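Below is the file work.cif, which contains mmCIF, C-alpha atoms.
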```cif
data_run
#
loop_
_atom_site.label_atom_id
_atom_site.label_comp_id
_atom_site.auth_asym_id
_atom_site.auth_seq_id
_atom_site.Cartn_x
_atom_site.Cartn_y
_atom_site.Cartn_z
CA MET A 1 9.14 -12.35 15.55
CA LEU A 2 6.78 -11.21 12.79
CA VAL A 3 4.14 -13.75 13.92
CA LEU A 4 4.43 -12.53 17.52
CA ARG A 5 4.05 -8.92 16.42
CA PHE A 6 0.93 -9.83 14.39
CA GLU A 7 -0.56 -11.59 17.40
CA ILE A 8 0.11 -8.53 19.55
CA LYS A 9 -1.63 -6.32 16.96
CA VAL A 10 -4.69 -8.60 16.98
CA ALA A 11 -4.78 -8.64 20.78
CA ILE A 12 -4.58 -4.85 20.96
CA MET A 13 -7.39 -4.41 18.43
CA LEU A 14 -9.63 -6.80 20.37
CA LEU A 15 -8.92 -5.07 23.68
CA PHE A 16 -9.41 -1.73 21.97
CA LYS A 17 -12.92 -2.74 20.89
CA MET A 18 -13.75 -3.96 24.38
CA ILE A 19 -12.71 -0.72 26.05
CA SER A 20 -13.66 1.94 23.53
CA SER A 21 -16.25 2.25 20.79
CA SER A 22 -14.71 5.23 18.93
CA LYS A 23 -11.37 6.90 18.27
CA SER A 24 -12.41 10.03 20.13
CA SER A 25 -13.43 8.13 23.27
CA TYR A 26 -10.21 6.13 23.01
CA THR A 27 -8.19 9.32 23.13
CA ARG A 28 -10.19 10.64 26.07
CA PHE A 29 -9.63 7.34 27.84
CA ALA A 30 -5.88 7.49 27.30
CA GLU A 31 -3.61 8.93 29.97
CA THR A 32 -6.47 9.35 32.47
CA GLY A 33 -4.07 8.97 35.38
CA GLY A 34 -1.57 11.54 34.17
CA LYS A 35 -0.07 14.20 36.42
CA PHE A 36 -1.75 16.93 34.34
CA ARG A 37 -5.16 15.81 35.68
CA GLN A 38 -4.24 17.28 39.04
CA TYR A 39 -4.29 20.73 37.43
CA GLY A 40 -7.66 20.32 35.72
CA ILE A 41 -6.08 19.82 32.30
CA ASN A 42 -8.05 17.86 29.72
CA ILE A 43 -6.56 16.14 26.68
CA ARG A 44 -8.78 15.56 23.65
CA LEU A 45 -8.77 15.28 19.87
CA ALA A 46 -8.38 18.54 17.98
CA ASN A 47 -10.91 19.83 15.45
CA LYS A 48 -11.07 22.59 12.84
CA GLU A 49 -12.18 25.15 15.42
CA ASP A 50 -8.88 24.63 17.27
CA ILE A 51 -6.60 25.54 14.35
CA ARG A 52 -6.13 29.21 15.25
CA SER A 53 -5.37 28.34 18.87
CA ILE A 54 -2.91 25.64 17.80
CA SER A 55 -1.18 28.10 15.47
CA LYS A 56 -1.01 30.71 18.25
CA CYS A 57 0.51 28.18 20.67
CA ASN A 58 3.03 27.16 18.02
CA ILE A 59 4.13 30.72 17.24
CA GLU A 60 4.46 31.68 20.90
CA ASN A 61 6.43 28.59 21.93
CA LEU A 62 8.38 27.18 18.99
CA PRO A 63 10.77 28.66 16.41
CA GLU A 64 9.41 26.29 13.74
CA ASN A 65 6.12 27.76 12.52
CA TYR A 66 3.51 26.59 10.03
CA SER A 67 0.62 28.04 8.02
CA ASP A 68 -3.04 27.43 8.83
CA TRP A 69 -3.16 25.23 5.72
CA PHE A 70 -0.60 22.91 7.33
CA TYR A 71 -2.87 22.35 10.35
CA THR A 72 -6.00 21.99 8.21
CA ASP A 73 -4.28 19.40 6.05
CA HIS A 74 -2.93 17.56 9.08
CA LEU A 75 -6.32 17.36 10.80
CA SER A 76 -7.94 16.09 7.61
CA LYS A 77 -5.34 13.32 7.17
CA TRP A 78 -4.63 12.38 10.78
CA PRO A 79 -7.62 13.42 12.96
CA GLU A 80 -6.92 10.65 15.49
CA LEU A 81 -3.30 11.85 15.79
CA SER A 82 -4.09 15.52 16.41
CA ILE A 83 -4.15 16.15 20.16
CA ILE A 84 -4.71 19.28 22.25
CA ALA A 85 -4.64 20.07 25.96
CA GLU A 86 -7.12 22.50 27.55
CA ASP A 87 -7.24 24.22 30.93
CA THR A 88 -10.28 24.54 33.19
CA GLU A 89 -11.59 27.43 31.06
CA ASN A 90 -11.32 25.38 27.84
CA GLU A 91 -8.38 27.44 26.64
CA LEU A 92 -5.77 25.57 24.60
CA VAL A 93 -2.49 25.25 26.51
CA GLY A 94 -0.68 22.71 24.35
CA TYR A 95 -0.88 20.48 21.32
CA ALA A 96 0.80 17.42 19.79
CA LEU A 97 0.60 16.35 16.16
CA GLY A 98 1.50 12.89 14.90
CA ARG A 99 1.37 11.18 11.53
CA LEU A 100 2.24 7.90 9.85
CA GLU A 101 5.25 7.47 7.60
CA THR A 102 6.63 4.53 5.64
CA SER A 103 10.14 3.31 6.28
CA VAL A 104 12.00 0.47 4.56
CA VAL A 105 13.07 -2.03 7.22
CA MET A 106 15.09 -5.24 6.85
CA ASN A 107 13.69 -8.45 8.28
CA PRO A 108 16.62 -9.88 10.30
CA GLN A 109 15.45 -13.45 9.64
CA ASN A 110 15.46 -13.45 5.84
CA LYS A 111 17.39 -10.22 5.14
CA VAL A 112 14.51 -8.98 2.99
CA TYR A 113 13.69 -5.26 3.02
CA ARG A 114 10.02 -4.35 3.23
CA PRO A 115 8.02 -1.14 3.72
CA THR A 116 6.84 -0.66 7.30
CA LYS A 117 4.57 1.98 8.79
CA ILE A 118 6.02 3.97 11.67
CA GLY A 119 4.63 6.82 13.74
CA HIS A 120 6.20 10.27 13.58
CA ILE A 121 5.80 13.10 16.10
CA ALA A 122 5.56 16.17 13.89
CA SER A 123 5.20 18.93 16.50
CA VAL A 124 4.67 19.31 20.26
CA ALA A 125 4.27 22.55 22.20
CA VAL A 126 3.08 23.63 25.65
CA ASN A 127 2.53 27.20 26.81
CA LYS A 128 5.33 28.34 29.12
CA LYS A 129 3.25 28.91 32.24
CA PHE A 130 1.79 25.41 31.97
CA ARG A 131 5.08 23.55 31.69
CA GLY A 132 6.11 21.14 34.41
CA MET A 133 2.57 19.81 34.79
CA GLY A 134 3.08 16.63 32.77
CA ILE A 135 1.09 17.96 29.80
CA ALA A 136 3.68 17.14 27.13
CA GLN A 137 4.10 13.70 28.68
CA GLY A 138 0.33 13.15 28.60
CA MET A 139 -0.02 14.22 24.97
CA MET A 140 3.00 12.18 23.86
CA GLY A 141 1.68 9.13 25.69
CA THR A 142 -1.71 9.56 24.04
CA LEU A 143 -0.08 9.72 20.60
CA HIS A 144 1.91 6.56 21.31
CA GLN A 145 -1.28 4.81 22.38
CA SER A 146 -3.04 5.92 19.21
CA PHE A 147 -0.12 4.81 17.02
CA ALA A 148 -0.38 1.31 18.49
CA GLY A 149 -4.11 1.07 19.22
CA ASN A 150 -5.49 2.69 16.08
CA HIS A 151 -2.81 1.76 13.56
CA GLY A 152 -0.92 -1.25 14.90
CA VAL A 153 2.36 0.68 14.73
CA ASP A 154 5.25 -0.55 16.89
CA SER A 155 7.78 2.31 16.55
CA ALA A 156 7.88 6.10 16.32
CA SER A 157 10.39 8.79 15.47
CA LEU A 158 10.89 12.52 15.91
CA TYR A 159 13.40 15.32 15.35
CA CYS A 160 14.66 17.44 18.21
CA ARG A 161 17.04 20.41 18.42
CA VAL A 162 20.36 19.32 19.89
CA SER A 163 20.17 22.23 22.35
CA ASN A 164 16.72 21.30 23.69
CA GLU A 165 17.89 19.37 26.74
CA ALA A 166 14.47 19.41 28.43
CA ALA A 167 12.78 17.75 25.46
CA ILE A 168 15.61 15.26 24.99
CA GLY A 169 15.31 14.34 28.67
CA LEU A 170 11.55 13.81 28.37
CA TYR A 171 11.88 11.64 25.28
CA THR A 172 14.76 9.50 26.57
CA ARG A 173 13.91 9.13 30.27
CA THR A 174 10.12 8.96 30.08
CA PHE A 175 9.55 7.24 26.74
CA SER A 176 12.89 5.45 26.14
CA TYR A 177 13.66 7.21 22.86
CA ARG A 178 17.12 6.64 21.42
CA CYS A 179 19.31 9.36 19.91
CA ASP A 180 20.07 7.66 16.59
CA LYS A 181 21.99 10.29 14.65
CA ILE A 182 22.52 14.01 14.17
CA ILE A 183 21.46 15.86 11.02
CA PRO A 184 23.75 18.93 10.73
CA SER A 185 22.05 22.30 10.11
CA TYR A 186 18.60 20.71 9.94
CA TYR A 187 16.70 23.80 11.08
CA PRO A 188 16.43 27.07 9.11
CA ASP A 189 18.55 28.89 11.69
CA GLY A 190 21.37 26.41 11.17
CA GLU A 191 20.95 24.34 14.33
CA SER A 192 21.40 20.58 14.04
CA ALA A 193 18.76 18.00 14.97
CA TRP A 194 18.79 14.69 16.73
CA VAL A 195 16.89 11.95 14.92
CA MET A 196 15.27 10.00 17.76
CA SER A 197 13.25 6.80 17.75
CA VAL A 198 11.45 4.38 20.06
CA SER A 199 10.12 0.86 19.55
CA GLY A 200 7.98 -1.58 21.52
CA LEU A 201 4.81 0.52 21.40
CA LEU A 202 2.62 -2.50 20.66
CA MET A 203 3.74 -4.43 23.72
CA LYS A 204 3.39 -1.38 25.98
CA GLU A 205 -0.11 -0.73 24.68
CA GLN A 206 -1.11 -4.35 25.11
CA GLN A 207 0.06 -4.24 28.73
CA ARG A 208 -1.78 -0.95 29.34
CA LEU A 209 -5.04 -2.19 27.86
CA ILE A 210 -4.91 -5.44 29.82
CA SER A 211 -4.33 -3.46 33.02
CA CYS A 212 -7.22 -1.10 32.23
CA ASN A 213 -9.51 -3.97 31.31
CA ASN A 214 -8.70 -5.75 34.58
CA ALA A 215 -9.33 -2.53 36.51
CA ASN A 216 -12.71 -2.09 34.79
CA ALA A 217 -13.64 -5.69 35.54
CA ASP A 218 -12.70 -5.24 39.21
CA ALA A 219 -14.77 -2.05 39.40
CA MET A 220 -17.80 -3.79 37.85
CA GLU A 221 -17.46 -6.71 40.27
CA SER A 222 -17.20 -4.31 43.21
CA ASN A 223 -20.32 -2.42 42.08
CA THR A 224 -22.21 -5.71 41.65
CA LEU A 225 -21.29 -6.87 45.17
CA SER A 226 -22.28 -3.48 46.62
CA SER A 227 -25.65 -3.60 44.89
CA SER A 228 -26.40 -7.12 46.08
CA SER A 229 -25.45 -6.50 49.72
#
```
Structure rendered as structure tokens:
Amino acid sequence: MLVLRFEIKVAIMLLFKMISSSKSSYTRFAETGGKFRQYGINIRLANKEDIRSISKCNIENLPENYSDWFYTDHLSKWPELSIIAEDTENELVGYALGRLETSVVMNPQNKVYRPTKIGHIASVAVNKKFRGMGIAQGMMGTLHQSFAGNHGVDSASLYCRVSNEAAIGLYTRTFSYRCDKIIPSYYPDGESAWVMSVSGLLMKEQQRLISCNNANADAMESNTLSSSS
């Protein structure tokens, strides 16, 4: 199982190099067919100039708020895992922040525990009037692709309020997250949180990159035939 996972990581890295020459172009390439594209929404990497807009979106849409230092620190540590969505006027309408964490996991074959990197979704928000456009789905998908493509990570986790049925539905139905356990009174207001996780990101990313690479090859062949005719 470990050998297979290593081979998948190598395959993803090779495909990644074939398709994209930089982390920023990789993120722009991701989720190009998402529903949000129909509304002129663009997903890209965040930068320092976006911090105030990210903070504003957070305050207006989530009860869990952070200081500007939090966003500055996050962008400096995880620039390839800091995603924003913009409308046609380049106004920020949503953001998603991910990071890497280390978890101790037992190898089922030899029962040995070892540290393993996993992805963690730290915060996701979309402005109210832009919800239902597939923006959160697009940003989450882009983070998953970056976890696997940039870092070779196979699993991810997040915390979600037990009352947030819309988010729980998105995570479970769209991305196959599992509700692992409840942490009582996790949030400052006393509400409990679901600890949720998903695995298999490497295999999904390998399949996506193969599909995209085949599509690019077909497009190049079609253009070649058109030029020669």
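The interatomic distance for the pair atom CA of Tyr186 of chain A and atom CA of Tyr159 of chain A works out to 9.2 Å.
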Checklist outcome for this item: The residue from A:Asp68, A:Glu80, A:Glu60, A:Glu101 with the smallest atom-to-atom distance to Ile118 of chain A, counting all atoms listed in the file, is A:Glu101
Checklist entry - Written as a ChimeraX atom specification, which residues does the PyMOL selection byres ((chain A and resi 115) around 10) give for the file shown? => result /A:101-106,113-114,116-118
Let me see the file: selected residues, C-alpha atoms, as a short mmCIF file (atom, residue, chain, number, x, y, z; two decimals), in the coordinates of the input.
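Contents of result16.cif, as written:
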```cif
data_model
loop_
_atom_site.label_atom_id
_atom_site.label_comp_id
_atom_site.auth_asym_id
_atom_site.auth_seq_id
_atom_site.Cartn_x
_atom_site.Cartn_y
_atom_site.Cartn_z
CA GLU A 101 5.25 7.47 7.60
CA THR A 102 6.63 4.53 5.64
CA SER A 103 10.14 3.31 6.28
CA VAL A 104 12.00 0.47 4.56
CA VAL A 105 13.07 -2.03 7.22
CA MET A 106 15.09 -5.24 6.85
CA TYR A 113 13.69 -5.26 3.02
CA ARG A 114 10.02 -4.35 3.23
CA THR A 116 6.84 -0.66 7.30
CA LYS A 117 4.57 1.98 8.79
CA ILE A 118 6.02 3.97 11.67
#
```
Closest-contact table, segment 34-65 of chain A side, partner segment 142-146 of chain A, 12 Å, counting all atoms listed in the file, as a Markdown table:
```
| residue | atom | partner | partner_atom | distance |
| --- | --- | --- | --- | --- |
| A:Gly34 | CA | A:Thr142 | CA | 10.3 |
| A:Asn42 | CA | A:Thr142 | CA | 11.9 |
| A:Ile43 | CA | A:Thr142 | CA | 8.6 |
| A:Arg44 | CA | A:Thr142 | CA | 9.3 |
| A:Leu45 | CA | A:Thr142 | CA | 10.0 |
```
Item to check | Test item: residues at most 12 Å from segment 72-78 of chain A, all atoms listed in the file, excluding those fewer than 4 positions along its chain, as a PyMOL selection string | outcome: chain A and resi 23+45-52+54-55+66-68+82-84+96-101+119-123+143+146-147+150-151
